[in-house]
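File shown: coords.csv. Contents: CSV, C-alpha atoms.
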chain,number,residue,atom,x,y,z
A,1,MET,CA,0.0,0.0,0.0
A,2,ARG,CA,1.4,3.4,-1.0
A,3,THR,CA,2.3,5.9,1.7
A,4,VAL,CA,3.0,9.5,0.9
A,5,VAL,CA,4.8,11.6,3.5
A,6,VAL,CA,3.9,15.3,3.0
A,7,ILE,CA,6.7,17.6,4.3
A,8,PRO,CA,6.1,21.4,4.1
A,9,THR,CA,9.4,23.4,3.9
A,10,TYR,CA,10.7,26.9,4.2
A,11,ASN,CA,14.5,27.3,4.5
A,12,GLU,CA,15.3,23.7,5.4
A,13,ARG,CA,18.3,23.1,3.2
A,14,ASP,CA,20.4,21.9,6.1
A,15,THR,CA,18.3,18.8,6.8
A,16,ILE,CA,16.0,18.1,3.8
A,17,GLU,CA,18.3,15.8,1.7
A,18,ARG,CA,19.3,13.6,4.6
A,19,LEU,CA,15.7,13.5,5.9
A,20,ILE,CA,14.3,12.4,2.5
A,21,ASN,CA,16.8,9.6,2.3
A,22,ASP,CA,16.0,8.5,5.8
A,23,VAL,CA,12.3,8.5,5.2
A,24,LEU,CA,12.6,6.5,1.9
A,25,ALA,CA,14.8,4.0,3.7
A,26,GLN,CA,12.0,3.0,6.0
A,27,ASP,CA,9.9,1.2,3.4
A,28,GLU,CA,10.0,0.8,-0.4
A,29,ASP,CA,6.3,1.8,-0.7
A,30,ILE,CA,6.9,5.2,0.9
A,31,HIS,CA,7.0,8.3,-1.3
A,32,VAL,CA,8.0,11.8,-0.2
A,33,LEU,CA,6.1,14.9,-1.3
A,34,VAL,CA,7.8,18.2,-0.4
A,35,VAL,CA,5.6,21.4,-0.4
A,36,ASP,CA,8.1,24.2,-0.6
A,37,ASP,CA,7.1,27.9,-0.1
A,38,ASN,CA,9.8,29.3,-2.4
A,39,SER,CA,12.5,28.9,0.2
A,40,PRO,CA,15.2,31.6,-0.3
A,41,ASP,CA,17.9,29.2,0.8
A,42,GLY,CA,17.3,26.8,-2.2
A,43,THR,CA,15.5,24.0,-0.4
A,44,GLY,CA,13.2,23.6,-3.4
A,45,GLU,CA,16.1,23.3,-5.8
A,46,ILE,CA,17.7,20.5,-3.7
A,47,VAL,CA,14.4,18.6,-3.8
A,48,ASP,CA,14.2,19.1,-7.6
A,49,ARG,CA,17.6,17.6,-7.9
A,50,LEU,CA,16.6,14.6,-5.8
A,51,SER,CA,13.3,14.1,-7.6
A,52,GLU,CA,15.2,13.8,-11.0
A,53,GLY,CA,17.1,10.8,-9.7
A,54,MET,CA,14.5,9.2,-7.4
A,55,GLY,CA,11.0,8.2,-8.6
A,56,ARG,CA,9.7,8.4,-5.1
A,57,VAL,CA,10.5,12.0,-4.5
A,58,HIS,CA,8.0,14.7,-5.6
A,59,VAL,CA,7.8,18.5,-5.0
A,60,LEU,CA,5.2,21.2,-5.2
A,61,HIS,CA,6.6,24.7,-5.6
A,62,ARG,CA,4.5,27.6,-4.2
A,63,PRO,CA,5.1,31.3,-4.8
A,64,GLY,CA,5.8,32.2,-1.2
A,65,LYS,CA,5.0,31.6,2.4
A,66,MET,CA,1.3,30.7,2.4
A,67,GLY,CA,0.9,28.9,5.8
A,68,LEU,CA,1.2,25.4,7.1
A,69,GLY,CA,-2.5,24.7,6.7
A,70,SER,CA,-2.6,25.6,3.0
A,71,ALA,CA,0.6,23.6,2.4
A,72,TYR,CA,-1.0,20.5,3.9
A,73,ARG,CA,-4.3,21.1,2.0
A,74,GLN,CA,-2.4,21.2,-1.3
A,75,GLY,CA,-0.2,18.3,-0.3
A,76,PHE,CA,-3.1,16.1,0.7
A,77,ALA,CA,-4.8,16.7,-2.6
A,78,ALA,CA,-1.7,15.9,-4.5
A,79,ALA,CA,-1.1,12.8,-2.4
A,80,LEU,CA,-4.6,11.5,-3.2
A,81,ALA,CA,-4.0,12.1,-6.9
A,82,MET,CA,-0.8,10.0,-6.6
A,83,GLY,CA,-2.8,7.1,-5.3
A,84,ALA,CA,-1.8,7.3,-1.7
A,85,ASP,CA,-3.5,4.8,0.7
A,86,PHE,CA,-1.9,6.5,3.7
A,87,ILE,CA,-0.9,10.2,4.1
A,88,VAL,CA,1.6,11.2,6.7
A,89,GLU,CA,2.3,14.7,8.1
A,90,MET,CA,5.9,15.3,9.1
A,91,ASP,CA,8.2,18.2,9.9
A,92,ALA,CA,11.4,18.8,7.9
A,93,ASP,CA,13.7,19.6,10.9
A,94,TYR,CA,14.2,16.1,12.4
A,95,SER,CA,11.9,16.9,15.4
A,96,HIS,CA,10.0,13.8,14.0
A,97,ASP,CA,12.1,10.7,13.8
A,98,PRO,CA,11.8,8.9,10.4
A,99,ALA,CA,12.4,5.6,12.1
A,100,THR,CA,9.0,5.9,13.7
A,101,LEU,CA,7.2,5.6,10.3
A,102,PRO,CA,7.0,1.7,10.3
A,103,ARG,CA,5.2,1.9,13.7
A,104,PHE,CA,2.7,4.4,12.2
A,105,LEU,CA,2.0,2.0,9.4
A,106,GLU,CA,1.7,-1.0,11.7
A,107,ALA,CA,-0.7,1.0,13.9
A,108,MET,CA,-2.9,2.0,10.9
A,109,GLU,CA,-4.3,-1.6,10.8
A,110,GLY,CA,-7.9,-1.1,12.0
A,111,CYS,CA,-7.5,2.7,12.4
A,112,ASP,CA,-8.2,5.8,10.3
A,113,LEU,CA,-5.8,8.2,12.0
A,114,VAL,CA,-2.7,7.5,14.0
A,115,ILE,CA,-1.2,10.4,16.0
A,116,GLY,CA,2.4,10.5,17.3
A,117,SER,CA,1.9,11.7,20.8
A,118,ARG,CA,4.4,13.6,23.0
A,119,TYR,CA,2.1,13.3,26.0
A,120,LEU,CA,0.8,9.8,26.0
A,121,ASN,CA,3.3,8.4,28.5
A,122,GLY,CA,4.1,11.4,30.5
A,123,ILE,CA,6.1,14.1,28.6
A,124,SER,CA,8.4,13.0,25.8
A,125,VAL,CA,10.0,16.2,24.6
A,126,VAL,CA,13.7,16.9,24.3
A,127,ASN,CA,15.5,20.3,24.3
A,128,TRP,CA,12.4,22.5,24.5
A,129,PRO,CA,12.7,25.5,26.9
A,130,ILE,CA,10.3,25.2,29.8
A,131,ARG,CA,8.1,28.1,28.6
A,132,ARG,CA,7.5,26.4,25.2
A,133,LEU,CA,6.8,23.1,26.8
A,134,MET,CA,4.3,24.6,29.2
A,135,LEU,CA,2.6,26.4,26.4
A,136,SER,CA,2.2,23.2,24.4
A,137,TYR,CA,1.1,21.1,27.4
A,138,PHE,CA,-1.6,23.5,28.6
A,139,ALA,CA,-2.7,24.1,25.0
A,140,ASN,CA,-3.6,20.4,24.8
A,141,TRP,CA,-5.3,20.5,28.2
A,142,TYR,CA,-7.3,23.6,27.2
A,143,THR,CA,-8.3,21.9,23.8
A,144,ARG,CA,-9.5,18.7,25.5
A,145,LEU,CA,-11.4,20.7,28.1
A,146,ILE,CA,-13.3,22.8,25.5
A,147,THR,CA,-13.8,20.4,22.7
A,148,GLY,CA,-14.2,17.1,24.6
A,149,LEU,CA,-11.5,15.4,22.5
A,150,ARG,CA,-9.9,12.4,24.2
A,151,ILE,CA,-6.6,12.9,22.5
A,152,MET,CA,-3.6,13.6,24.7
A,153,ASP,CA,-1.6,15.4,22.0
A,154,CYS,CA,-4.2,17.4,20.0
A,155,THR,CA,-1.5,19.7,18.5
A,156,SER,CA,0.9,17.0,17.2
A,157,GLY,CA,2.1,17.5,13.7
A,158,PHE,CA,3.3,13.9,13.2
A,159,LYS,CA,0.4,11.8,12.1
A,160,CYS,CA,-0.9,9.4,9.5
A,161,PHE,CA,-4.3,9.5,7.8
A,162,HIS,CA,-6.1,6.8,5.8
A,163,ARG,CA,-7.1,8.3,2.5
A,164,ARG,CA,-10.8,7.8,3.3
A,165,VAL,CA,-10.4,10.4,6.1
A,166,ILE,CA,-9.1,13.1,3.8
A,167,GLU,CA,-11.6,12.2,1.1
A,168,SER,CA,-14.5,12.6,3.6
A,169,ILE,CA,-13.5,16.1,4.8
A,170,ASP,CA,-14.2,19.2,2.7
A,171,MET,CA,-10.7,20.6,2.9
A,172,SER,CA,-11.8,24.0,1.5
A,173,THR,CA,-13.5,24.5,4.9
A,174,ILE,CA,-10.2,24.0,6.8
A,175,ARG,CA,-8.7,27.4,6.8
A,176,SER,CA,-6.5,27.3,9.9
A,177,ASP,CA,-2.7,27.1,10.3
A,178,GLY,CA,-0.2,25.7,12.9
A,179,TYR,CA,-1.7,24.3,16.1
A,180,SER,CA,-5.2,25.2,14.9
A,181,PHE,CA,-4.9,23.1,11.7
A,182,GLN,CA,-3.9,20.0,13.8
A,183,ILE,CA,-6.7,20.6,16.3
A,184,GLU,CA,-9.3,21.1,13.5
A,185,MET,CA,-8.3,18.0,11.6
A,186,ASN,CA,-8.5,15.9,14.7
A,187,TYR,CA,-11.9,17.3,15.6
A,188,ARG,CA,-13.3,16.7,12.1
A,189,CYS,CA,-12.1,13.1,12.2
A,190,VAL,CA,-13.7,12.4,15.6
A,191,GLU,CA,-16.8,14.2,14.5
A,192,LYS,CA,-17.2,11.9,11.5
A,193,GLY,CA,-16.7,8.8,13.7
A,194,PHE,CA,-13.3,7.7,12.5
A,195,GLN,CA,-11.1,5.5,14.6
A,196,VAL,CA,-8.2,7.5,16.2
A,197,LYS,CA,-5.2,6.0,17.9
A,198,GLU,CA,-2.2,7.6,19.6
A,199,ILE,CA,1.3,6.1,19.7
A,200,PRO,CA,4.1,7.5,21.9
A,201,ILE,CA,6.9,9.3,20.2
A,202,ILE,CA,10.0,11.2,21.4
A,203,PHE,CA,9.9,14.8,20.1
A,204,ILE,CA,13.3,16.4,19.7
A,205,ASP,CA,13.5,20.2,19.1
A,206,ARG,CA,14.7,21.2,15.7
A,207,ARG,CA,18.4,20.7,15.1
A,208,SER,CA,18.8,23.7,12.8
A,209,GLY,CA,17.0,26.8,11.6
A,210,SER,CA,14.3,28.7,13.6
A,211,SER,CA,10.9,27.8,14.9
A,212,LYS,CA,7.9,28.9,12.8
A,213,MET,CA,5.8,29.5,16.0
A,214,SER,CA,4.2,32.9,16.4
A,215,LYS,CA,1.8,34.8,18.6
A,216,LYS,CA,-0.7,34.7,15.7
A,217,ILE,CA,-0.7,30.9,15.6
A,218,VAL,CA,-1.2,30.7,19.4
A,219,ARG,CA,-4.2,33.2,19.2
A,220,GLU,CA,-5.7,31.3,16.4
A,221,ALA,CA,-5.6,28.1,18.3
A,222,VAL,CA,-7.2,29.7,21.4
A,223,PHE,CA,-10.3,30.8,19.4
A,224,MET,CA,-10.4,27.8,17.1
A,225,VAL,CA,-11.5,25.4,19.9
A,226,TRP,CA,-14.5,27.6,20.7
A,227,LYS,CA,-15.3,27.8,17.0
A,228,LEU,CA,-15.3,24.1,16.7
A,229,LYS,CA,-17.3,23.5,19.9
A,230,LEU,CA,-20.0,26.1,19.1
A,231,GLY,CA,-20.2,25.1,15.5
A,232,SER,CA,-20.8,21.5,16.5
A,233,PHE,CA,-23.4,22.6,19.1
A,234,PHE,CA,-25.4,24.7,16.8
A,235,GLY,CA,-25.1,22.2,14.0
A,236,ALA,CA,-26.6,19.5,16.2
A,237,LEU,CA,-29.3,22.0,17.5
A,238,PHE,CA,-30.5,22.8,14.0
A,239,ARG,CA,-30.4,19.2,12.9
Before we go any further, please render this structure as structure tokens.
Amino acid sequence: MRTVVVIPTYNERDTIERLINDVLAQDEDIHVLVVDDNSPDGTGEIVDRLSEGMGRVHVLHRPGKMGLGSAYRQGFAAALAMGADFIVEMDADYSHDPATLPRFLEAMEGCDLVIGSRYLNGISVVNWPIRRLMLSYFANWYTRLITGLRIMDCTSGFKCFHRRVIESIDMSTIRSDGYSFQIEMNYRCVEKGFQVKEIPIIFIDRRSGSSKMSKKIVREAVFMVWKLKLGSFFGALFR
């Protein structure tokens, strides 16, 4: 069964080639799709070179920074067109270990969405400053409290979808980015009755480059959970 790993990039030249090779080494049925936002450091050109020599490497070039959510929306659509049975979200900075991918695929048996969780067995985060860790941990607590989701790591960006999940969701209605995108996708999956499973991962803070986190992303996540909850409530009321 074909797996497509979707990796959004912006200025990731230090890690992207090694990461792609490590991902492909996990299984011969894995393909990589890089969605590059016109990285000034030449990340897109590196992936172009790799794709010329490797049939399992693909790239989407976008005109500039357009947000994580839109990168995944385009990447998901392209992955479906490529015939993907499973679609994986993954960061480009090695905070997500490629060696975990076989565990994801194994866990997909009988599941629709598998989430790599940093908080399933305590806290499994390496090299984060305490402020960032507390922000992430309480963001997940807040999300569970408001939405009722029974997911320990609602904001994880390392996950695997069965294609039927992506096909069932109107992706044009998913307009959020960052934390909010992850929360919204999880909520829509649960809302539609799909089977969700978490597996423990060890998250290691990025080895190079800078974090894409911003105050705007945090604010969006704070309001997104209420939007989801109220939307679900009024939808059920009118039904």
| Computed interatomic separation between atom CA of A:Lys65 and atom CA of A:Gly44 (Å) | 12.8 Å
| request: Could you tell me how far atom CA of A:Cys160 lies from atom CA of A:Met108, in Å and to one decimal? | output: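 That distance, rounded to one decimal, is 7.8 Å.
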| task | Can you work out the spacing between atom CA of A:Thr143 and atom CA of A:Val35 in Å, to one decimal? | result |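 Here the two named atoms are 27.9 Å from each other.
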| said: When you count only C-alpha atoms, which of these residues is closest to A:Glu184: A:Gly83, A:Glu106, A:Gly69, A:Gly116? | reply: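 The answer is A:Gly69, which sits nearest to A:Glu184.
For the residues A:Leu19, A:Arg150, A:Phe86, A:Ser70, ranking by smallest atom-to-atom distance to A:Ala107 using all atoms listed in the file places A:Phe86 first.
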| request: Pick out the closest residue to A:Asp36 from this set: A:Ile183, A:Val225, A:Met66, A:Met54. Count all atoms listed in the file. | output: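 Of the candidates, the smallest distance to A:Asp36 is held by A:Met66.
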| remark: Nearest to A:Glu109, restricted to all atoms listed in the file and choosing among A:Arg132, A:Lys192, A:His162, A:Arg2, comes out as A:His162
| said: Measuring between all atoms listed in the file, which one of A:Asp85, A:Glu220, A:Asp112, A:Asp27 shows the shortest distance to A:Phe194? | reply: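 Closest residue, counting all atoms listed in the file: A:Asp112.
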| query | Which residue out of A:Met171, A:Met152, A:Ile130, A:Leu145 has the minimum interatomic distance to A:Lys229 when all atoms listed in the file are used? | reply |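 Looking only at the distances to A:Lys229, the closest residue turns out to be A:Leu145.
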| Contacts of stretch 3-8 of chain A within 8 Å, only C-alpha atoms, excl. fewer than 2 positions in-chain, as a list in words |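 Residues near the query, excluding close chain neighbours: Met1, Tyr10, Asp29, Ile30, His31, Val32, Leu33, Val34, Val35, Asp36, Asp37, Leu68, Ala71, Tyr72, Gly75, Phe76, Ala79, Ala84, Asp85, Phe86, Ile87, Val88, Glu89, Met90, Asp91 and Ala92 of chain A.
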| message | Can you tell me which residues surround A:Val190 at a distance of at most 12 Å, considering all atoms listed in the file, apart from same-chain residues fewer than 4 positions away, and format the answer as a PyMOL selection string? | response | chain A and resi 111-113+147-151+154+165+169+183-186+194-197+228+232
